[in-house]
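Trainee: Quick one: this structure, given as C-alpha cells, is what I'll be asking you about.
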Amino acid sequence: MATLQEKLIEILIKNEFLTSHQMEKVLKSQKEKGMSIKQILISEGFIKEEELISLLARELYIPPLDLSRYKINKETIDLIPERVVRQYHLIAISKIGNMLTVAMSDPLNIFALDDLKALTNYEIQPVICLEAEINKAISNYYKSDKETISDILKDADEATGVIDVTGEEESTINLGVTLGESKKAPIVKIVDLMIAQALKRRASDIHIEPEEKKMRVRYRIDGELYDAFNLSKTNQNAVLARLKIISGLNITESRLPQDGRFKIRMENKEIDFRVSALPTIFGQKFVLRILDKTNINIGLENLGFSKRSLSLFEQAVNKPYGMILVTGPTGSGKSTTLYSVLSRLNTPDRNIITVEDPVEYQVEGI
C-alpha cells in the first residue's frame with residue numbers, strides 16, 4: 001500500500017504541477033533541509049498553499065476548513081499538549097465519541113498522526129487548513145498563560161521589598177482558590193501560577209534556576225526541557241523562600257542540599273510534589289517533581305508495550321523470584337512502569353515494601 005507521501009507525489013505529477021525529474025530534486029532537497037515535502041513544494045514555488053489544499057481535498061478526500069469561522073472550547077483545546085500543537089502546527093477543533101478532529105497544516109505527516117493517537121487515545125480525523133490560520137488560532141488559544149504571567153511579574157516587580165512570606169505555614173495549597181484571589185501577594189501568585197501552568201502543559205518537572213542576572217524557569221515535557229519564563233533577580237529570594245515554606249524546608253539554610261515535598265489541590269484532585277534544593281554560585285536551584293497518582297494506576301496494558309513484550313513482561317512480574325531492571329532517561333516512564341507493577345501486585349495476601357530515597361509515591365497498602 002502506497003504511503004500518503006507517495007500518493008501526494010503521484011497526484012502532483014498527474015496534475016502536472018511538476019515532472020518526475022523535478023520531484024527527484026524535491027525529495028533530495030527534503031533530505032538535505034529536513035523539511036516536509038509540503039514545505040519544499042511551497043517554498044520553491046511549485047505550488048501555492050491554497051492550490052495544495054484544494055488538490056488534497058479533491059484527490060485524497062481530506063476536508064478543507066476555514067478555521068477563522070470556528071470557536072473551539074477549552075476542553076477540546078486541552079486534549080493536545082501545547083508542545084505538540086506548536087511542533088506540528090495543528091489544533092484540535094472538535095470531539096465526537098472516540099473521534100478527534102484536528103486541523104493540520106500538513107495532514108500527510110504520519111509522525112504527527114501517530115503521536116496524536118498515542119497521546120490522546122482517540123481516533124484522529126485530520127482536516128487541512130492554511131498554516132497562517134492555524135498559527136493565528138494557536139496564538140489566540142494558547143496566549144493566556146503567558147499574558148497572566150507577565151501581568152503578575154509586573155505586579156511583583158512593583159511590590160519587591162514589601163512582600164513577606166516567611167510567616168506562613170501550609171501543607172496543601174488549594175490552587176483553584178489561590179489563582180482566583182486577587183489580594184494574594186504577587187510572589188505567592190507567581191509560584192501558584194507556575195505550578196498551574198506546568199500542570200496544564202503536562203510537565204513532569206519544574207526547574208527553577210538562578211543565573212547571574214535573572215532566574216530561569218523551565219518545564220520538562222516528554223523528557224525534554226523547555227523555557228517557560230524568566231524572573232527578575234530582585235524576586236529571587238522571595239520566590240525561593242515561598243518554595244521552602246510550602247515544601248517544609250529550612251528557610252535559613254542555603255549552603256546545603258535539601259529535600260521536601262508538598263501537595264496541591266486542583267479541581268478536586270490532589271497532586272504531590274517532590275522538591276529538591278541544591279546550592280549553586282548564583283543561589284539555590286530548585287527542581288519540583290510532579291507526582292500525579294493517577295499515573296500509577298494506568299495499567300500495564302496501557303503503557304505502550306507490544307503484545308509480545310507485554311506478555312513477556314507480565315510473566316516476569318508474576319514470578320515469585322528474580323529482578324526486573326527498568327532503565328531510561330528522565331521522564332521516560334520508569335516510575336510509572338514500576339508503580340503500575342506494584343499496583344497490580346498489591347493484593348491483601350501480599351506484604352510489599354519498597355526501598356526508595358526519597359519515596360516517590362505514597363501508595364496505600366505499600
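All residue names refer to the C-alpha cells as shown: chains lettered A, B, ... in order, residues numbered from 1 in each chain, ligands numbered from 1 in order.
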Just want the 10 Å neighbourhood of Asn318 of chain A, counted on only C-alpha atoms, with same-chain residues fewer than 6 positions away dropped. Output as a VMD selection string.

Mentor: chain A and resid 341 344 to 345

Trainee: Give the answer as one residue: which of A:Ser343, A:Ile134, A:Leu65, A:Leu90 has the shortest atom-to-atom distance to Leu113 of chain A, using only C-alpha atoms?

Mentor: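 Of A:Ser343, A:Ile134, A:Leu65, A:Leu90, the one nearest Leu113 of chain A, counting only C-alpha atoms, is A:Leu90.
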
Trainee: Report, in Å to a single decimal, how far apart atom CA of Lys244 of chain A and atom CA of Val188 of chain A are.

Mentor: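 Straight-line distance from atom CA of Val188 of chain A to atom CA of Lys244 of chain A works out to 12.1 Å.
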
Trainee: Would you mind reading off the distance between atom CA of Asn230 of chain A and atom CA of Ile264 of chain A, one decimal, in Å?

Mentor: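 Those two atoms sit 23.1 Å apart.
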
Trainee: Kindly indicate which residue among A:Ile72, A:Lys48, A:Leu231, A:Leu225 lies nearest to Phe17 of chain A, using only C-alpha atoms for the distances.

Mentor: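 Between A:Ile72, A:Lys48, A:Leu231, A:Leu225, the residue approaching Phe17 of chain A most closely is A:Lys48.
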
Trainee: Excluding Phe46 of chain A and its own-chain neighbours fewer than 3 positions away, which residues fall within 9 Å of it when counting only C-alpha atoms? Please give them as a compact mmCIF listing (two decimals) with N, CA and C atoms, in the first residue's frame.

Mentor:
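Now in part-v8.txt:
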```txt
# COMPACT_ATOMS: atom_id res chain seq x y z
N PHE A 17 1.84 19.52 -11.87
CA PHE A 17 2.45 20.59 -11.07
C PHE A 17 3.97 20.50 -11.12
N LEU A 18 4.49 19.30 -11.37
CA LEU A 18 5.92 19.11 -11.54
C LEU A 18 6.18 17.78 -12.23
N ILE A 40 8.74 22.16 1.10
CA ILE A 40 9.65 22.30 -0.05
C ILE A 40 8.88 22.77 -1.28
N LEU A 41 7.75 22.13 -1.53
CA LEU A 41 6.95 22.46 -2.73
C LEU A 41 6.51 23.92 -2.72
N ILE A 42 6.08 24.40 -1.55
CA ILE A 42 5.58 25.78 -1.45
C ILE A 42 6.73 26.78 -1.47
N SER A 43 7.80 26.49 -0.72
CA SER A 43 8.92 27.44 -0.64
C SER A 43 9.65 27.59 -1.97
```
